[in-house]
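As C-alpha cells, the structure follows; a few thoughts come after it.
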Amino acid sequence: MKPIDIFFSYSHRDEAMRDELAAHLSSLRRSGLIHEWHDRLIPAGESWKHAIDVHLEKAHLVLVLVSADFIASNYCYEIEMKRALERREAGQAHVVPIIVRACDWHQTPLGALQALPKDAKPVAEWQSRDAAWTDVARGIRAVVEGLARP
C-alpha cells in the first residue's frame with residue numbers, strides 16, 4: 001500500500017505544535033501508512049511557493065493547525081486553506097482542522113468541518129498535551145485508514 005501524503009498547513013508561530021504532532025504520528029509513519037510534508041523541508045535555493053504548491057496539490061490529507069496566528073496569516077488562510085478546501089470540495093483531498101490554540105475559528109470555513117481533538121478543545125488547554133496529541137493521532141489514524149481502503 002502506498003503511504004497517504006499529508007500536508008501540514010500551519011503558522012510558523014505554531015511550529016513547536018507541528019513538531020509535537022509529528023512525533024505523535026510516528027507510529028503511522030513507521031508503519032508506512034503516511035508520508036508527511038511541511039515547508040521546513042524545502043531545501044535552500046528552492047522556490048518555496050512552488051514547493052508548497054506541489055505538495056499541497058498531491059496531498060491526500062491536509063492537516064490545518066488552527067490558531068489566531070493561522071487565521072491572521074494571509075498566506076496560510078487565503079492561499080493554503082482556500083486551496084485545501086477547494087480540493088476537498090472536488091473530492092481530491094481530506095481536510096482536518098486541528099485546534100492548537102483557542103481562537104475564534106467557528107465562523108471560518110473550517111467551522112463546518114469536524115475538528116480534532118475531541119470536542120475541538122484546543123490542544124494548549126488540555127491538562128496533558130500528550131493526551132491531546134494522542135487523541136488527535138487516533139483521529140488521524142481513523143482518517144488515514146479510511147483513505148487507504150479501496
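By order in the C-alpha cells, chains are A, B, ...; within a chain, residues start at 1; ligands start at 1, following the order shown.
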
Determine which residues of range 2-125 of chain A DSSP labels as alpha helix (DSSP H) from the backbone of this structure, then write them out as JSON, numbers by chain. {"A": [15, 16, 17, 18, 19, 20, 21, 22, 23, 24, 26, 27, 28, 29, 30, 48, 49, 50, 51, 52, 53, 54, 55, 56, 57, 58, 68, 69, 70, 71, 72, 74, 82, 83, 84, 85, 86, 87, 88, 89]}

Could you list, as a VMD selection string, every residue within 12 Å of range 77-91 of chain A, counting only C-alpha atoms and ignoring same-chain residues fewer than 3 positions away? chain A and resid 6 to 11 38 to 39 49 52 to 74 94 to 97 105 108 to 113 147

Export, as a PDB file, in the first residue's frame, the selected residues with C-alpha atoms.
ATOM      1  CA  ILE A   6      -0.008  14.539   4.488  1.00  0.00           C
ATOM      2  CA  PHE A   7       0.471  18.304   4.160  1.00  0.00           C
ATOM      3  CA  PHE A   8       0.829  20.393   7.327  1.00  0.00           C
ATOM      4  CA  SER A   9      -0.715  23.859   6.983  1.00  0.00           C
ATOM      5  CA  TYR A  10       0.302  25.973   9.978  1.00  0.00           C
ATOM      6  CA  SER A  11       1.596  29.325  11.132  1.00  0.00           C
ATOM      7  CA  HIS A  38       5.751  20.795   5.645  1.00  0.00           C
ATOM      8  CA  ASP A  39       7.521  23.904   4.431  1.00  0.00           C
ATOM      9  CA  LYS A  49       5.973  28.862  -3.276  1.00  0.00           C
ATOM     10  CA  ILE A  52       4.290  24.369  -1.261  1.00  0.00           C
ATOM     11  CA  ASP A  53       2.011  24.328  -4.319  1.00  0.00           C
ATOM     12  CA  VAL A  54       3.350  20.951  -5.499  1.00  0.00           C
ATOM     13  CA  HIS A  55       2.973  19.280  -2.108  1.00  0.00           C
ATOM     14  CA  LEU A  56      -0.423  20.814  -1.399  1.00  0.00           C
ATOM     15  CA  GLU A  57      -1.692  19.561  -4.770  1.00  0.00           C
ATOM     16  CA  LYS A  58      -0.513  15.995  -4.191  1.00  0.00           C
ATOM     17  CA  ALA A  59      -1.620  15.709  -0.557  1.00  0.00           C
ATOM     18  CA  HIS A  60      -4.362  13.226   0.235  1.00  0.00           C
ATOM     19  CA  LEU A  61      -4.780  14.732   3.696  1.00  0.00           C
ATOM     20  CA  VAL A  62      -4.274  18.345   4.769  1.00  0.00           C
ATOM     21  CA  LEU A  63      -3.875  18.952   8.496  1.00  0.00           C
ATOM     22  CA  VAL A  64      -4.706  22.558   9.340  1.00  0.00           C
ATOM     23  CA  LEU A  65      -3.247  23.643  12.689  1.00  0.00           C
ATOM     24  CA  VAL A  66      -5.731  26.312  13.710  1.00  0.00           C
ATOM     25  CA  SER A  67      -4.773  29.265  15.907  1.00  0.00           C
ATOM     26  CA  ALA A  68      -5.237  33.021  15.843  1.00  0.00           C
ATOM     27  CA  ASP A  69      -1.858  33.255  14.098  1.00  0.00           C
ATOM     28  CA  PHE A  70      -3.032  30.846  11.386  1.00  0.00           C
ATOM     29  CA  ILE A  71      -6.175  32.904  10.796  1.00  0.00           C
ATOM     30  CA  ALA A  72      -4.122  36.129  10.790  1.00  0.00           C
ATOM     31  CA  SER A  73      -1.679  34.796   8.193  1.00  0.00           C
ATOM     32  CA  ASN A  74      -2.728  35.838   4.701  1.00  0.00           C
ATOM     33  CA  HIS A  94      -9.455  15.367   3.007  1.00  0.00           C
ATOM     34  CA  VAL A  95      -9.036  18.390   5.325  1.00  0.00           C
ATOM     35  CA  VAL A  96      -8.850  18.080   9.109  1.00  0.00           C
ATOM     36  CA  PRO A  97      -8.753  21.170  11.332  1.00  0.00           C
ATOM     37  CA  TRP A 105     -12.397  29.770  14.285  1.00  0.00           C
ATOM     38  CA  THR A 108     -14.317  30.484   9.318  1.00  0.00           C
ATOM     39  CA  PRO A 109     -14.850  27.930   6.538  1.00  0.00           C
ATOM     40  CA  LEU A 110     -13.156  25.385   8.829  1.00  0.00           C
ATOM     41  CA  GLY A 111     -16.072  25.716  11.249  1.00  0.00           C
ATOM     42  CA  ALA A 112     -18.165  23.449   9.007  1.00  0.00           C
ATOM     43  CA  LEU A 113     -15.697  20.570   9.427  1.00  0.00           C
ATOM     44  CA  LEU A 147      -8.477   6.822   2.906  1.00  0.00           C
TER      45      LEU A 147
END

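Across the model, the gap from CA of Asp130 in chain A to CA of Ala23 in chain A is 10.2 Å.
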